[in-house]
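First up is the structure itself, then whatever we jot down about it.
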Amino acid sequence: MLLPMPELPEVETVRRQLAPLVVGHRISEAWGHASAKFASAPFAAGATVDRIDRRGKYLLLGLDDARELIVHLGMTGRLRMQPTGEPDPYVRAWWALDDGRVLELRDVRRFGRIAVVPAGEYDSLPTLAAQGPEPWDPALDDGGLWRRTRRSSARIKTQLLSQRPIAGVGNIYADEALWRSGVHPARRSITRAEAGRLLGELRAVLEQGIANGGTTLRDYRDVDGGAGRNQLELACYGRAGEPCARCGTELRRSVLDGRGGTHCPRCQPRR
Ligand SMILES: [Zn+2]
């Protein structure tokens, strides 16, 4: 079974915590594990971090030489600041800052990814390059999400997980938003009205996730090592076998295109 992966709210929580710690600092020295996923970390050495942005589940650290240091946390990746680089076999990359502090990427399962690229050039990161607009992008209003879902006949949940119609949504927030909007995850097309409702619920669950500092089911920790609180708010994800909070029907677990999930057979009719 795939472990839950940090989604937009978890990555945004990390971004907000990291920005005041890192922006304005020069990377004096850096190291990356020899595997291709992490080996480019040292290319950021010598540059100053001038901003931290986020696209979907990717952190984009803007460098002052018109490049970006891109970090994807994968499943178990965690960024943290260390006063000194203490030995830890799971640290896959580190960046020493000009004031002696060290930013570390610790990643037990090694599904994370690092790249240093000219700003905005994401050819080497196809998922980042192909992902849809941010959930709050005005381009999604007035039928925008609906039109984007009509480009594919894949199941609606699988489309969301692909990042193509909209960026940043993974298994947890997809299950929550589909349940709240009454859309069955296996549907291959949805109406314009349903897409409008789904967009509203996606925004709501992602905003709630950010406000709660993310969802910690197992591995996710923020920069300070703290757990998120959003797992306490989940109404559908991970609750198969429990009664639906809206109608009392037993929530059902299903596997769609290889990904497990939960839905309510009554509130989310298959049609
Ligand atoms: Zn229900």
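Chain lettering (A, B, ...) mirrors the order of the structure tokens, residue numbering begins at 1 for each chain separately, and ligand numbering begins at 1 in order of display.
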- All residues within 6 Å of ligand 1 are required, counting only C-alpha atoms and all ligand atoms; please report them as JSON, numbers by chain. {"A": [244, 246, 247, 248, 249, 264, 266, 267]}
- Spatial neighbours of region 156-161 of chain A, 9 Å, only C-alpha atoms, chain gap at least 2 places, as a PyMOL selection string: chain A and resi 149+152-154+163-171+174-175+178+183-190+256-257+259
- Task: Taking the chain letters and numbering used in this document, name the residues of region 5-188 of chain A that DSSP puts in strand (DSSP E or B), as a ChimeraX atom specification.
- Result: /A:26-32,48-55,58-63,67-72,77-82,91-97,102-107,113-118
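Among the candidate residues A:Asp65, A:Gly56, A:Leu199, A:Arg110, the one lying nearest to Ala129 (chain A) is A:Gly56, with distances computed using only C-alpha atoms.
Minimum atom-to-atom distance to Trp136 (chain A), evaluated using only C-alpha atoms, belongs to A:Leu206 out of A:Ala177, A:Met75, A:Leu97, A:Leu206.
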- Non-local contacts of Gly100 (chain A) (12 Å; only C-alpha atoms; under 2 positions in same chain excluded) as an MDAnalysis selection string: chainID A and resid 22 25:29 81:85 95:98 102:103
Could the residues in this selection be written to a file with N, CA and C atoms, as a short mmCIF file (atom, residue, chain, number, x, y, z; two decimals), in the first residue's frame?
data_model
loop_
_atom_site.label_atom_id
_atom_site.label_comp_id
_atom_site.auth_asym_id
_atom_site.auth_seq_id
_atom_site.Cartn_x
_atom_site.Cartn_y
_atom_site.Cartn_z
N VAL A 22 15.23 30.97 5.71
CA VAL A 22 16.16 30.71 4.62
C VAL A 22 16.31 31.90 3.66
N HIS A 25 19.48 34.34 2.75
CA HIS A 25 20.75 33.69 3.13
C HIS A 25 21.44 33.07 1.91
N ARG A 26 22.75 33.17 1.93
CA ARG A 26 23.56 32.58 0.88
C ARG A 26 23.86 31.12 1.24
N ILE A 27 23.81 30.25 0.25
CA ILE A 27 24.18 28.85 0.46
C ILE A 27 25.69 28.75 0.28
N SER A 28 26.40 28.52 1.38
CA SER A 28 27.86 28.55 1.31
C SER A 28 28.43 27.22 0.83
N GLU A 29 27.73 26.15 1.13
CA GLU A 29 28.23 24.82 0.77
C GLU A 29 27.04 23.89 0.71
N MET A 81 15.86 22.48 9.81
CA MET A 81 17.06 23.27 10.02
C MET A 81 17.84 22.66 11.16
N GLN A 82 19.14 22.51 10.96
CA GLN A 82 19.99 21.98 12.01
C GLN A 82 21.05 23.03 12.33
N PRO A 83 21.35 23.22 13.61
CA PRO A 83 22.45 24.12 13.94
C PRO A 83 23.76 23.61 13.37
N THR A 84 23.95 22.30 13.42
CA THR A 84 25.13 21.69 12.82
C THR A 84 24.64 20.45 12.08
N GLY A 85 25.34 20.03 11.07
CA GLY A 85 24.92 18.83 10.35
C GLY A 85 25.26 17.58 11.13
N TRP A 95 22.19 21.89 2.73
CA TRP A 95 22.66 23.18 2.23
C TRP A 95 23.07 24.00 3.46
N ALA A 96 24.39 24.28 3.58
CA ALA A 96 24.87 25.09 4.71
C ALA A 96 24.68 26.56 4.36
N LEU A 97 24.10 27.31 5.28
CA LEU A 97 23.85 28.73 5.06
C LEU A 97 24.99 29.58 5.61
N ASP A 98 25.01 30.85 5.18
CA ASP A 98 26.13 31.73 5.54
C ASP A 98 26.23 32.02 7.03
N VAL A 102 22.16 24.81 8.90
CA VAL A 102 22.14 23.88 7.79
C VAL A 102 20.69 23.44 7.52
N LEU A 103 20.26 23.59 6.26
CA LEU A 103 18.96 23.06 5.84
C LEU A 103 19.19 21.63 5.35
#
- Query: Which is closest to Ala115 (chain A) among A:Ala36, A:Leu18, A:Leu198, A:Leu69, if we use only C-alpha atoms?
  - Reply: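 Using only C-alpha atoms, Ala115 (chain A) sits closest to A:Leu69.
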Given only C-alpha atoms, how would the per-residue table for region 5-90 of chain A near region 211-216 of chain A read, listing every residue at most 7 Å away with its closest atom pair and distance in Å to one decimal, sorted by chain and number, as CSV?
residue,atom,partner,partner_atom,distance
A:Pro9,CA,A:Gly214,CA,5.2
A:Glu10,CA,A:Gly214,CA,4.5
A:Thr13,CA,A:Gly213,CA,5.7
Selection above as a file: N, CA and C atoms, as a PDB file, in the first residue's frame:
ATOM      1  N   PRO A   9      -1.413  21.266   1.235  1.00  0.00           N
ATOM      2  CA  PRO A   9      -1.398  21.926   2.552  1.00  0.00           C
ATOM      3  C   PRO A   9      -0.136  21.632   3.358  1.00  0.00           C
ATOM      4  N   GLU A  10       0.386  20.411   3.225  1.00  0.00           N
ATOM      5  CA  GLU A  10       1.599  20.065   3.966  1.00  0.00           C
ATOM      6  C   GLU A  10       2.799  20.825   3.390  1.00  0.00           C
ATOM      7  N   THR A  13       2.585  24.467   4.321  1.00  0.00           N
ATOM      8  CA  THR A  13       2.983  24.676   5.722  1.00  0.00           C
ATOM      9  C   THR A  13       4.502  24.738   5.838  1.00  0.00           C
TER      10      THR A  13
END
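CA of Arg80 (chain A) is found 7.9 Å from CA of Asp222 (chain A).
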- Long-range neighbours of Gly32 (chain A) as an NGL selection string, 6 Å cut-off, only C-alpha atoms, 5 positions minimum in chain: :A and (38-39 or 41 or 92-93)
- Query: Restricting the calculation to only C-alpha atoms, which member of A:Asp123, A:Glu68, A:Glu194, A:Asp107 is positioned closest to Arg147 (chain A)?
  - Reply: A:Glu194
Mind checking which residues fall within 9 Å of Met5 (chain A), counting only C-alpha atoms, ignoring those fewer than 3 positions away in the same chain, and posting them as a CSV table (one decimal) with all heavy atoms, in the first residue's frame?
chain,number,residue,atom,x,y,z
A,2,LEU,N,0.5,2.2,-0.8
A,2,LEU,CA,1.2,3.5,-0.8
A,2,LEU,C,1.0,4.3,0.4
A,2,LEU,O,-0.2,4.4,0.9
A,2,LEU,CB,0.8,4.3,-2.0
A,2,LEU,CG,1.3,3.8,-3.4
A,2,LEU,CD1,0.6,4.6,-4.5
A,2,LEU,CD2,2.8,3.9,-3.5
A,73,LEU,N,9.0,16.5,-1.8
A,73,LEU,CA,9.2,15.7,-0.6
A,73,LEU,C,8.9,14.2,-0.8
A,73,LEU,O,9.2,13.4,0.1
A,73,LEU,CB,8.4,16.3,0.5
A,73,LEU,CG,8.7,17.7,1.0
A,73,LEU,CD1,7.7,18.2,2.0
A,73,LEU,CD2,10.1,17.8,1.5
A,74,GLY,N,8.3,13.9,-1.9
A,74,GLY,CA,8.0,12.4,-2.1
A,74,GLY,C,7.0,12.0,-1.0
A,74,GLY,O,6.0,12.6,-0.7
A,75,MET,N,7.3,10.8,-0.5
A,75,MET,CA,6.4,10.3,0.6
A,75,MET,C,6.9,10.6,2.0
A,75,MET,O,6.2,11.0,2.9
A,75,MET,CB,6.3,8.7,0.5
A,75,MET,CG,5.5,8.3,-0.6
A,75,MET,SD,5.4,6.5,-0.6
A,75,MET,CE,4.7,6.2,-2.2
A,76,THR,N,8.2,10.5,2.2
A,76,THR,CA,8.7,10.6,3.6
A,76,THR,C,9.7,11.7,3.7
A,76,THR,O,10.4,11.8,4.8
A,76,THR,CB,9.4,9.3,4.0
A,76,THR,OG1,10.5,9.0,3.0
A,76,THR,CG2,8.4,8.1,4.0
A,170,GLY,N,-3.8,15.3,-3.6
A,170,GLY,CA,-3.5,13.9,-3.5
A,170,GLY,C,-4.6,13.1,-3.0
A,170,GLY,O,-5.8,13.6,-2.9
A,171,ASN,N,-4.3,11.9,-2.5
A,171,ASN,CA,-5.4,11.0,-2.1
A,171,ASN,C,-6.3,11.5,-1.0
A,171,ASN,O,-7.5,11.3,-1.0
A,171,ASN,CB,-4.7,9.7,-1.6
A,171,ASN,CG,-5.5,8.5,-2.0
A,171,ASN,OD1,-6.4,8.5,-2.7
A,171,ASN,ND2,-5.1,7.3,-1.4
A,172,ILE,N,-5.7,12.1,0.0
A,172,ILE,CA,-6.5,12.5,1.2
A,172,ILE,C,-7.4,13.6,0.8
A,172,ILE,O,-8.7,13.5,1.1
A,172,ILE,CB,-5.5,13.1,2.3
A,172,ILE,CG1,-4.6,11.9,2.8
A,172,ILE,CG2,-6.3,13.6,3.5
A,172,ILE,CD1,-3.5,12.4,3.8
A,219,ASP,N,4.1,9.9,8.4
A,219,ASP,CA,5.4,10.5,8.3
A,219,ASP,C,5.5,12.0,8.3
A,219,ASP,O,6.5,12.6,8.7
A,219,ASP,CB,6.1,10.0,7.0
A,219,ASP,CG,6.3,8.5,7.0
A,219,ASP,OD1,7.2,8.1,7.8
A,219,ASP,OD2,5.6,7.8,6.3
A,220,TYR,N,4.5,12.7,7.8
A,220,TYR,CA,4.6,14.1,7.6
A,220,TYR,C,4.9,14.9,8.9
A,220,TYR,O,4.2,14.7,9.9
A,220,TYR,CB,3.4,14.7,7.0
A,220,TYR,CG,3.3,16.2,7.0
A,220,TYR,CD1,4.2,17.0,6.3
A,220,TYR,CD2,2.5,16.9,7.9
A,220,TYR,CE1,4.3,18.3,6.4
A,220,TYR,CE2,2.5,18.3,8.0
A,220,TYR,CZ,3.4,19.0,7.2
A,220,TYR,OH,3.5,20.3,7.4
- Task: For each of A:Glu176, A:Gly143, A:Pro133, A:Gln17, take the minimum atom-to-atom distance to Ala193 (chain A), counting only C-alpha atoms, then give the residue where this is smallest.
- Result: A:Gly143
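Using only C-alpha atoms, the nearest neighbour of Asp88 (chain A) within the list A:Pro42, A:Val108, A:Leu128, A:Leu8 is A:Val108.
Atom pair CA of Ser40 (chain A) / CA of Arg218 (chain A): separated by 28.1 Å.
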- Run DSSP on the backbone and grab whatever in region 6-239 of chain A lands in helix (DSSP H, G or I); send it over as number ranges by chain. A: 8-22, 41-44, 126-130, 138-140, 144-149, 156-161, 171-181, 192-211, 230-233
- Considering only C-alpha atoms, return as a count of residues only whatever protein or nucleic-acid residues lie within 7 Å of Leu61 (chain A), sequence-local ones (same chain, fewer than 4 positions apart) excluded. 7
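Across the model, the gap from CA of Leu234 (chain A) to CA of Gly132 (chain A) is 24.8 Å.
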- Query: Contacts of Gly196 (chain A) at 9 Å or less, counting only C-alpha atoms, minus same-chain residues fewer than 4 places along, as a ChimeraX atom specification?
  - Reply: /A:141-146,191-192,200-201
